[in-house]
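This report refers to the structure that appears directly beneath it.
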Amino acid sequence: MNKKITKIITASILSLDTQDQSWAENLNIEVTQTKDLSHGDFSCNVAMRLSKILKLPPLDIAKKIINAIETTDGIEKIEVAPPGFINIFLTKSEKTQILKKILSKDDGFATEVQGSKGSILLEFVSSNPTGPLHVGHGRHAAFGDSLAKLLRKAGHKVETEYYINDAGRQIDILLVSILIKALNKIETKSDLPRACYQGEYLNPIADEMIKQSRDLLTPLLTKNFLKQDVSEDEEIDLAILSVKNTIGDEMFESLSSDICNITINTIKEDLKRFGVTFDHWYSERSMINSGLISNSINDLTKKNLLYKQEGALWLKTTNYNDDKDRVVLRDDGRSTYFASDIAYHADKKRRGYDQLINILGSDHHGYIGRLKAGLASLGFSPEDLEVVLVQFISLYRGKKKIQMSTRSGEFTPMSELYNEVGVDAARFFYVSKSQSQHLDFDLELAKQTNNENPVYYIQYAHARICRVLSQMTSQKISFEKEIAEKNLDKLTTKHEVELIAKLSGYPALIKQSANNKTVHTLANYLHELAQLFHSYYGAETFLIADKELRNARVLLIKAVQIILKNGLSIIGVSAPSKM
RNA sequence: GCGCCCGUAGCUCAACUGGAUAGAGCAUCAGCCUUCUAAGCUGAGGGUUAGAGGUUCGAGUCCUCUCGGGCGCGCCA
């Protein structure tokens, strides 16, 4: 309908008698659904935008436009409202068409054909496998999973991916931390080097280590890893070196691979319980082993984009809008994190996706420029990578701000939250606020007031509809679709009109949310829809004697049920049939 | 010091990317269960959109400055 109106308004404008129509060619006519039904069903602001060009008052232009509009099916009337809005009122039967469509398409309503909008690789969470996910990661998990579902509905072919940082120094540190913890359990009681991971979650892994490889630990018992007289970094590097020398590089590699598998599996399990699954788990270690990094460095060398300085190898990212050049190989020959990322993102593109979307924490915003520069230097278009930033969660316990750090072991695990308040409430809470806003989150409050989470309000609306429908069955009333469809004009109360208008807005909302990469807009929509339904429920009885009106009303609430269920599924929240 | 993000009701957040009277939920106050589930409904109070200029038919939204907060500026990951 939106397109139809745009078309007739365009036609009308073009038919206007003006000397110069060159402006009309790139005129972007916006027809939007109104917030306030007294302004009609759709409105258009084109007259006000034309007023400067045509040097006429907007109201006059609007009048001219509507006078030139040809009468069309489905439109009841068109009005002009100050300062120059063109308001379009649809006929009753036109408005209720949407209900039939929702019922016939069911879950497929407002769904574009998959792949019609191109393919996307969506990467999110990708938290280092050095510990369990905390509540901050929860926001990424909930948002990313919902965004993937939303984009699929909007017609994209979407695959999700988790990049595992299972190589490099942090994993070395993790392994050393676990080994020392294990040694402490056997006999030596010493502190951990300052840079070590301290968390309690390492204890079970240390126990396992003792069980599996006790012999290996024996020669380490005599070592002293604490060196207070050097810096934190040097201390841990010496400890890593000492362990490697004692047990051998090969064994060290093998053990770190083992512990990565353990931590990754806990992360996988955790996400699964949270309702989040990934299509791909991409290991940095295996990427390095398959030579992708050296390949991409070779490619860059051929393109003459690398140079040596102070023993390190630099990439001229400044050629591609970065603010300074970046190191890819350190003076000791090891590749940097950045080198991995260039190779990784080039590999993503080579796997054939049209678009790459990364969901990153807002602290990574400085990284976007060099990532795009990296892609560009390998000949890919930097526009193919889009980064969606998710702002931080500030966690409070009452008034007190909680600092979170995986390394120090001071963090609230994501699982603690969803175990306490439930997956549905946690997921809804996360996605109900814009990801581009900082979020203050009082943990105590969230746990206490879980019954007041708006998710229950929405789920309750769904459950109430299910209840009405099951009451019908038990009262031996059947739903007669033909009668319902013939009598949709009888839905005339304020609540009914508003509900129908709200339902009509669903496809546009899906489209807009997908374009803007926002999920909270959908969460808000569902809340508003539920609100309209609850009001309606309180105001009218559905199972009435009047057969015609009853069937029409039942059709309406069935449509509401379909949309609620569909929207909730995108957010990853269940739609219970009773509560 | 340079760069990015943000500031909306007592609290947590919206506002269809520049549209019509800035909206919800908590919290507060007053009503509604004999009738499809009260995890609900109906109503009330609460705002100089941090502040000051500017752009235009029209600004919470765009531009400049001030104040206040978050984050980033490694041969860390």
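Letters A, B, ... go to the chains of the structure tokens in the order shown; residues in each chain start at 1; ligands are counted from 1 in the same order.
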
Neighbours of His438 in chain A within 10 Å (only C-alpha atoms (C1' of nucleotides); same-chain residues fewer than 4 positions away dropped), as a list of chain:residue names?
-> A:Ser362, A:Val390, A:Gln391, A:Phe392, A:Ile393, A:Ser394, A:Lys433, A:Ser434, B:C5, B:C6, B:G70

Exercise. Determine which residues of chain A sit within 6 Å of chain B, taking into account only C-alpha atoms (C1' of nucleotides), and present them as a list in words.
Key: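 Those within range of chain B come out as Arg330, Asp363, Gly366, Val468 and Gly538 of chain A.
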
If you keep C-alpha atoms, can you produce a file of those selected residues as a compact mmCIF listing (two decimals), in the first residue's frame?
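Full text of result14.txt as output:
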```txt
# COMPACT_ATOMS: atom_id res chain seq x y z
CA ARG A 330 57.35 -8.24 15.16
CA ASP A 363 36.19 -0.22 22.99
CA GLY A 366 39.65 2.43 17.04
CA VAL A 468 -9.27 -17.85 24.39
CA GLY A 538 -10.13 -5.79 29.06
```

Discussion item. Based on the backbone DSSP call, show me all residues of range 215-453 of chain A assigned strand (DSSP E or B), as number ranges by chain.
Written reply: A: 280-283, 306-309, 312-315, 326-329, 335, 355-361, 385-390, 393-397, 400-402, 405, 410, 413, 439-442

Legend entry - From B:G7, B:G31, B:G74, B:G43, residue lying nearest G60 in chain B [only C-alpha atoms (C1' of nucleotides)]: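 Checking each candidate against G60 in chain B, we get B:G7 as the closest.
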
DSSP on the backbone: what in range 51-257 of chain A comes out helix (DSSP H, G or I), as a PyMOL selection string?
chain A and resi 51-54+58-68+92-108+135-153+169-186+200-220+232-247+249-257

Excluding Lys511 in chain A and its own-chain neighbours fewer than 3 positions away, which residues fall within 9 Å of it when counting only C-alpha atoms (C1' of nucleotides)? Please give them as a PyMOL selection string.
chain A and resi 110+150-151+153-154+506-508+514-516

For this session: Just the residues within 9 Å of range 341-352 of chain A, please, counting only C-alpha atoms (C1' of nucleotides), with nothing from its chain fewer than 4 positions along; format it as JSON, numbers by chain.
Result: {"A": [119, 121, 163, 284, 287, 292, 293, 294, 295, 296, 297, 336, 337, 356, 371, 372, 374, 375, 378, 380, 384, 385]}

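Closest approach to Ser15 in chain A among A:Ala312, A:Val327, A:Ala68, A:Leu499 is made by A:Ala68 (distances from only C-alpha atoms).
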